[in-house]
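Worksheet for the structure shown next.
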Amino acid sequence: LESTHSQAYDTLAPTETPDARLAEDTGVDGDGITSVAGIIDPTTNAGASTQYRLVNADTGAELHGWGSYQAPTTDGNYELYVRQQDAGGNNSAEQRITFTLDTVAPVFTEGGSHEAYVIIGDDNAYTAVASDTDSNLVYSLAETGDWDLFNIDSDSGALTYKQSTTTADIHTVTIIATDRAGNFSEQTVTLNVVAELTVAITDDAASAVTNQPVT
């Protein structure tokens, strides 16, 4: 008896280039700067699997070779390569995704709470200053306390009164600093509106304004 044997070969690669994407591009949508490194898997051809390769975009070092997705846990710049692989080991064209992981919130120079003094009639109330690895911070006001008495410059953090004050008072406002990844910090500022400020005298010379009201 003579036996026959046949074997099928699959040499055709998946035709669809993967369309994976960031699960959430936090902060400014579409800029690739995010505080969350999750990925939404692409649509795959029947019988194909999705493979990922992660590279440090600054050094070119491969962090994870082809396999299941392993999200980075360290802030930095990354390149993610995505491909489909069918049962025969054929690979599709690769997709490249670049993104920056930023999980650190801005820090206010004066801390999370601050007290300041403002002379009656002075519209310039306070300037918030925060630092961050991202220099493009946006300042805004939380809708709490006396927030509706003020305007804030979103770029500089300068807080000004909408209308000039005419009497002594105390106002409280919460300022928010947000980076492009959507990380944010808050600073609560208490503004004491006073008639005038004291001056510290050293060696018969005015040395510094102490930002305390005259008593």
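Each chain in the structure tokens gets a letter, A, B and so on, in the order shown; residues start at 1 in every chain, and ligands are counted from 1 in the order they appear.
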
Residue neighbourhood Thr178 of chain A, 9 Å, only C-alpha atoms, exclusion window fewer than 3 positions, as a PyMOL selection string: chain A and resi 27+105-106+136-140+181-186

Strand (DSSP E) per DSSP on the backbone: members of segment 47-91 of chain A, as a list of chain:residue names: A:Ser49, A:Thr50, A:Gln51, A:Tyr52, A:Arg53, A:Leu54, A:Val55, A:Asn56, A:Glu62, A:Leu63, A:His64, A:Gly65, A:Trp66, A:Gly67, A:Gly76, A:Asn77, A:Tyr78, A:Glu79, A:Leu80, A:Tyr81, A:Val82, A:Arg83, A:Gln84, A:Gln85

Using only C-alpha atoms, please write the residues we just selected to a file, as a PDB file, in the first residue's frame.
ATOM      1  CA  SER A  49      -2.997  37.580  18.000  1.00  0.00           C
ATOM      2  CA  THR A  50      -1.710  41.025  18.931  1.00  0.00           C
ATOM      3  CA  GLN A  51       1.916  41.510  19.969  1.00  0.00           C
ATOM      4  CA  TYR A  52       3.615  44.563  21.459  1.00  0.00           C
ATOM      5  CA  ARG A  53       7.193  45.799  21.706  1.00  0.00           C
ATOM      6  CA  LEU A  54       8.104  48.718  24.011  1.00  0.00           C
ATOM      7  CA  VAL A  55      11.115  50.992  23.468  1.00  0.00           C
ATOM      8  CA  ASN A  56      12.554  53.911  25.441  1.00  0.00           C
ATOM      9  CA  GLU A  62      14.165  47.862  24.127  1.00  0.00           C
ATOM     10  CA  LEU A  63      12.226  47.517  27.367  1.00  0.00           C
ATOM     11  CA  HIS A  64       9.950  44.624  26.399  1.00  0.00           C
ATOM     12  CA  GLY A  65      10.283  42.388  23.367  1.00  0.00           C
ATOM     13  CA  TRP A  66       7.398  41.123  21.262  1.00  0.00           C
ATOM     14  CA  GLY A  67       4.634  39.688  23.414  1.00  0.00           C
ATOM     15  CA  GLY A  76       9.243  59.061  30.389  1.00  0.00           C
ATOM     16  CA  ASN A  77       8.972  59.002  26.598  1.00  0.00           C
ATOM     17  CA  TYR A  78       8.068  55.748  24.883  1.00  0.00           C
ATOM     18  CA  GLU A  79       7.595  54.130  21.496  1.00  0.00           C
ATOM     19  CA  LEU A  80       5.188  51.229  21.305  1.00  0.00           C
ATOM     20  CA  TYR A  81       5.210  48.932  18.280  1.00  0.00           C
ATOM     21  CA  VAL A  82       2.154  46.799  17.560  1.00  0.00           C
ATOM     22  CA  ARG A  83       1.683  43.930  15.119  1.00  0.00           C
ATOM     23  CA  GLN A  84      -0.650  41.045  14.376  1.00  0.00           C
ATOM     24  CA  GLN A  85       0.656  37.521  14.104  1.00  0.00           C
TER      25      GLN A  85
END

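Atom pair atom CA of Glu115 of chain A / atom CA of Asn192 of chain A: separated by 7.6 Å.
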
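For the pair atom CA of His171 of chain A and atom CA of Asp122 of chain A, the separation is 13.8 Å.
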
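Taking atom CA of Ser156 of chain A and atom CA of Asp134 of chain A as the two end points, the separation is 14.3 Å.
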
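Residue nearest Tyr161 of chain A within the list A:Asp123, A:Glu143, A:Asp132, A:Asp75: A:Asp123 [criterion: smallest interatomic distance, only C-alpha atoms].
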
Best match for closeness to Ile119 of chain A among A:Asn151, A:Asn91, A:Thr166, A:Ser131, counting only C-alpha atoms: A:Thr166

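Checking A:Val28, A:Ala57, A:Ala177, A:Leu159 one by one against Arg96 of chain A, counting only C-alpha atoms, you find the shortest gap at A:Ala57.
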
Residue nearest Thr43 of chain A among A:Thr190, A:Glu24, A:Gly60, A:Asp19 (counting only C-alpha atoms): A:Asp19

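Closest approach to Ala130 of chain A among A:Asp25, A:Asp155, A:Asp146, A:Glu16: A:Asp155, based on only C-alpha atoms.
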
Nearby residues (only C-alpha atoms) at most 7 Å from Pro72 of chain A, same-chain spacing under 2 positions excluded, as a VMD selection string: chain A and resid 37 70 74

Selection from above, N, CA, C and O atoms, as an mmCIF file, in the first residue's frame, can you write it?
data_model
loop_
_atom_site.group_PDB
_atom_site.id
_atom_site.type_symbol
_atom_site.label_atom_id
_atom_site.label_comp_id
_atom_site.auth_asym_id
_atom_site.auth_seq_id
_atom_site.Cartn_x
_atom_site.Cartn_y
_atom_site.Cartn_z
ATOM 1 N N ALA A 37 -1.090 54.704 31.143
ATOM 2 C CA ALA A 37 -0.409 54.072 30.006
ATOM 3 C C ALA A 37 -1.153 52.862 29.466
ATOM 4 O O ALA A 37 -0.564 52.025 28.780
ATOM 5 N N GLN A 70 2.975 45.217 28.242
ATOM 6 C CA GLN A 70 3.364 45.500 29.618
ATOM 7 C C GLN A 70 3.523 47.009 29.741
ATOM 8 O O GLN A 70 4.463 47.585 29.212
ATOM 9 N N THR A 74 7.315 53.836 34.857
ATOM 10 C CA THR A 74 8.209 54.965 35.110
ATOM 11 C C THR A 74 7.898 56.084 34.120
ATOM 12 O O THR A 74 7.750 55.833 32.922
#
